[in-house]
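**Student:** To start, I am sharing the structure in question, which I have written as structure tokens.
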Amino acid sequence: MNKPTLRHKKWAAVSDKDWSSWTWQLQNKIETLADLEEIAKLDPDFSFDPEDVRKTQTDFNFAITPYYFSLMNLKDIECPIRLQCLPSSRENVSLDYELLDFPKEDSMMPVPGLTHRYPDRVMLYTTHHCAMYCRFCTRKRKVSDASTALRGQQIEAALKHIAATKTIREVILSGGDIFSFSDRQLDELLTKVRAIDHVEIVRLGTRNLVTLPFRVTPELVAVLKKHQPLYIHTHFNHPEECSAEAATACKALRKAGCVVNNHTVILKGVNNEQKTLQELNSKLIPMGVQPYYFYHCDLTFGSSHFRTKIEDDLKLIRGLHAEIDWHQEITMSHYMVDTPGGGKVELV
Ligand code: SF4
């Protein structure tokens, strides 16, 4: 059963209409130290160390939707929701082997914003914007930085490259979060991609289903319906994220004809326990979401506090497959490791 999110008392007086409006959620994001301090003053259950946040030396902004904040267990400073969204000075630690652009996406761009690593697939970095900035983000070198967003002419240049390269069969629209586009922008972009004959597969990468499920409006669904078939790749990491609101959003996408796949990054303290992953996948399936990949946390700079050992991840995944009858057949939860610049390697 997916529970509706109990909104935090800071937003108790907000009307249901505003609360379930994606634009209201974006306008009311928590994104400054002062915002956090205001909540801490209001609610003795929420404590945090302002110095720790202040000392977080990173250009990667922070932003949390009121919805996602409300999923947090405020009494637990190691709450898996909190760990994913609250900045921490642990992000200042960068190890020798961690890299700025670990997957080497930026050096494989024939035109700005378009990574062309495999002959038949490209990934377009459409926007720097996300509803929430996940502290372990692989692209935190550029996500949240407005200067990295593609301008109209750059998107046109990317589309031109795709149209001119007949080997490309698959286009991934990513970012940032492609659902940060307005309905009109998304419709226009999908129309242009669909006009390229040799593009057969279109994938949209979004975490809005987890951090801002209200983004899935009837208007967005109408746009997506026009451009089927579409694959949505989303990113649930913890069972607490599988709320009633998230389930409604996922089911609406399924009704529109989308295939909704999930990848989960295994993160220390968040979900690196078999029972957590089992509960997560058990909740995703009734929501119409196909558990697809488990990922090892990338070697992105400043993420070592999240990283588990590959051998421990392997034990977890093999344990899931061994102990749950349906797991290997129903889920496609392969375990993937991204190699520096070399693409993904499947280990289970
Ligand atoms: S939603 Fe995706 S791109 Fe945006 S911060 Fe989170 S992991 Fe990074």
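Identifiers in the structure tokens: chain A, B, ... in order shown; residue index from 1 per chain; ligand index from 1 in order shown.
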Using only C-alpha atoms, which residues sit within 10 Å of A:Cys137 once same-chain residues fewer than 3 positions away are excluded, as JSON, numbers by chain?
**Tutor:** {"A": [60, 84, 133, 134, 140, 141, 142, 143, 176, 297, 298, 300, 301, 302, 303]}
**Student:** Counting only C-alpha atoms and all ligand atoms, which protein, DNA or RNA residues come within 8 Å of ligand 1, given as a PyMOL selection string?
**Tutor:** chain A and resi 128-140+143-144+174-177+205-208+235
**Student:** Using C-alpha atoms, can you export the residues from the last selection as a JSON list (two decimals), in the first residue's frame?
**Tutor:**
[["chain", "number", "residue", "atom", "x", "y", "z"],
["A", 128, "HIS", "CA", 20.76, 22.00, -15.99],
["A", 129, "HIS", "CA", 17.59, 22.05, -13.92],
["A", 130, "CYS", "CA", 16.17, 19.37, -11.57],
["A", 131, "ALA", "CA", 13.36, 19.60, -9.02],
["A", 132, "MET", "CA", 15.86, 18.39, -6.43],
["A", 133, "TYR", "CA", 19.63, 18.16, -6.57],
["A", 134, "CYS", "CA", 20.65, 14.67, -5.44],
["A", 135, "ARG", "CA", 23.88, 14.86, -3.50],
["A", 136, "PHE", "CA", 25.39, 11.86, -5.30],
["A", 137, "CYS", "CA", 24.61, 13.12, -8.81],
["A", 138, "THR", "CA", 27.01, 11.87, -11.50],
["A", 139, "ARG", "CA", 26.64, 15.14, -13.41],
["A", 140, "LYS", "CA", 27.02, 17.50, -10.50],
["A", 143, "VAL", "CA", 23.74, 20.12, -13.17],
["A", 144, "SER", "CA", 22.33, 23.17, -11.28],
["A", 174, "SER", "CA", 18.32, 13.79, -20.19],
["A", 175, "GLY", "CA", 19.86, 16.59, -18.15],
["A", 176, "GLY", "CA", 19.30, 17.64, -15.47],
["A", 177, "ASP", "CA", 15.72, 16.52, -15.71],
["A", 205, "GLY", "CA", 15.40, 10.56, -18.06],
["A", 206, "THR", "CA", 13.52, 12.04, -15.11],
["A", 207, "ARG", "CA", 13.57, 11.87, -11.33],
["A", 208, "ASN", "CA", 10.45, 14.02, -11.05],
["A", 235, "HIS", "CA", 15.35, 6.72, -10.28]]
**Student:** For A:Tyr118, which residue out of A:Ile64, A:Ile168, A:Ile310, A:Cys258 is the nearest one, using only C-alpha atoms?
**Tutor:** A:Ile168
**Student:** As number ranges by chain, please: every residue in stretch 47-242 of chain A that DSSP puts in strand (DSSP E).
**Tutor:** A: 114-118, 121-125, 170-174, 201-205, 231-234
**Student:** Just want the 12 Å neighbourhood of A:His334, counted on only C-alpha atoms, with same-chain residues fewer than 4 positions away dropped. Output as number ranges by chain.
**Tutor:** A: 262-265, 290-296, 313-314, 316-318, 320-321, 327-330, 344-348
**Student:** Going by DSSP on the backbone, which bits of stretch 88-248 of chain A are helix (DSSP H, G or I)? Write them as a PyMOL selection string, please.
**Tutor:** chain A and resi 89-92+106-108+146-148+152-164+178-180+183-194+208-211+213-215+218-226+239-241+244-248
**Student:** Which residues are close to A:His198, i.e. within 12 Å by only C-alpha atoms, leaving aside same-chain residues fewer than 5 positions away? Reply as a PyMOL selection string.
**Tutor:** chain A and resi 120-121+162-171+193
**Student:** Output C-alpha atoms for every residue in that selection, as a PDB file, in the first residue's frame.
**Tutor:**
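The new file out.pdb reads:
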ATOM      1  CA  ASP A 120      23.536   3.704 -32.281  1.00  0.00           C
ATOM      2  CA  ARG A 121      22.730   5.852 -29.247  1.00  0.00           C
ATOM      3  CA  ILE A 162      21.293  13.115 -35.137  1.00  0.00           C
ATOM      4  CA  ALA A 163      19.525  13.602 -38.490  1.00  0.00           C
ATOM      5  CA  ALA A 164      22.807  13.392 -40.377  1.00  0.00           C
ATOM      6  CA  THR A 165      24.013  10.244 -38.584  1.00  0.00           C
ATOM      7  CA  LYS A 166      22.030   7.290 -39.869  1.00  0.00           C
ATOM      8  CA  THR A 167      23.486   4.830 -37.342  1.00  0.00           C
ATOM      9  CA  ILE A 168      21.683   6.555 -34.442  1.00  0.00           C
ATOM     10  CA  ARG A 169      18.598   4.555 -33.471  1.00  0.00           C
ATOM     11  CA  GLU A 170      18.123   5.753 -29.927  1.00  0.00           C
ATOM     12  CA  VAL A 171      17.956   9.222 -28.395  1.00  0.00           C
ATOM     13  CA  VAL A 193      13.133  14.013 -32.701  1.00  0.00           C
TER      14      VAL A 193
END
